[in-house]
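All remarks here apply to the structure that follows.
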Amino acid sequence: EGLDIKDEKIELTEEQKKEMREQADKLKTSGNEAFKNSDYEKAVELYSEALTVYPTESTNEIAICYANRGACFIKLEQNENVVDDCTKALELRPDYLKPLMRRAQSYEALEKLEQALEDYKKALELDPSQTAAREAVMRLPEQIKEQHEKLKEEMIGKLKELGDAVLKPFGLSTSNFQLQQDPNTGGYSVNFRK
């Protein structure tokens, strides 16, 4: 029978932890160099390797590696990965501005506008001089409203198609029914017309 290491708590000496930190720091530095040279895939590999080497208590360095890998994913236009890595960085350092801004931009690219707005608002709380965040906080509420209207129209269109399919055997369609919205309550009343 093999030994399952995952469940074993291996205690490292301070010397071993120091060596691991130094090795991981070198990988992170190499990742930074690869990023500067626009070799984003290589940088991702190096940051990923550093993440496996850092001792668990090196939370600040681990957060930086996730944030940096998130920056690579922005350049590679992999927004889902940006969100994942920046979220991990923020779990370790909740007030870390760079991954917060990167995640906000990626949420926006993924059309997750409410989440983007939330991140931009938090970024402004952390640093009121963040121009990009301030502009987004001004711009996004209107875009969110438009997005909701579009979704509502799509939903009504689908409901009409469904209604027409149900009414067809009776020689009727949704055009035989008129929806009227009550301006006071926002509710609808349905009127039948031949």
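Scheme for the structure tokens: letters A, B, ... for chains in order shown; per-chain residue numbers from 1; ligand numbers from 1 in order shown.
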
Among chain A, which residues carry a DSSP assignment of strand (DSSP E or B), reported as a ChimeraX atom specification?
-> /A:177-181,188-192

Enumerate the residues of region 5-186 of chain A with a DSSP assignment of helix (DSSP H, G or I), computed from the backbone, and present them as an MDAnalysis selection string.
-> chainID A and resid 14:36 40:53 59:75 79:92 97:109 113:126 131:170 174:176

Leaving out Phe177 (chain A) and any residue of its chain fewer than 4 positions from it, which residues lie within 10 Å of it when counting only C-alpha atoms, given as a PyMOL selection string?
-> chain A and resi 172-173+189-194

Just the residues within 12 Å of region 79-93 of chain A, please, counting only C-alpha atoms, with nothing from its chain fewer than 3 positions along; format it as a ChimeraX atom specification.
-> /A:44,47-48,51,56-76,96-112,115-116,119,122-123

If you measure from CA of Ala50 (chain A) to CA of Leu27 (chain A), what distance in Å do you get, rounded to one decimal?
->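 Taking CA of Ala50 (chain A) as the start and CA of Leu27 (chain A) as the end point, the length is 5.4 Å.
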
So which one's closest to Leu113 (chain A), A:Asp127, A:Asp95, A:Asp164, A:Glu142? Using only C-alpha atoms, please.
->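 Looking only at the distances to Leu113 (chain A), the closest residue turns out to be A:Glu142.
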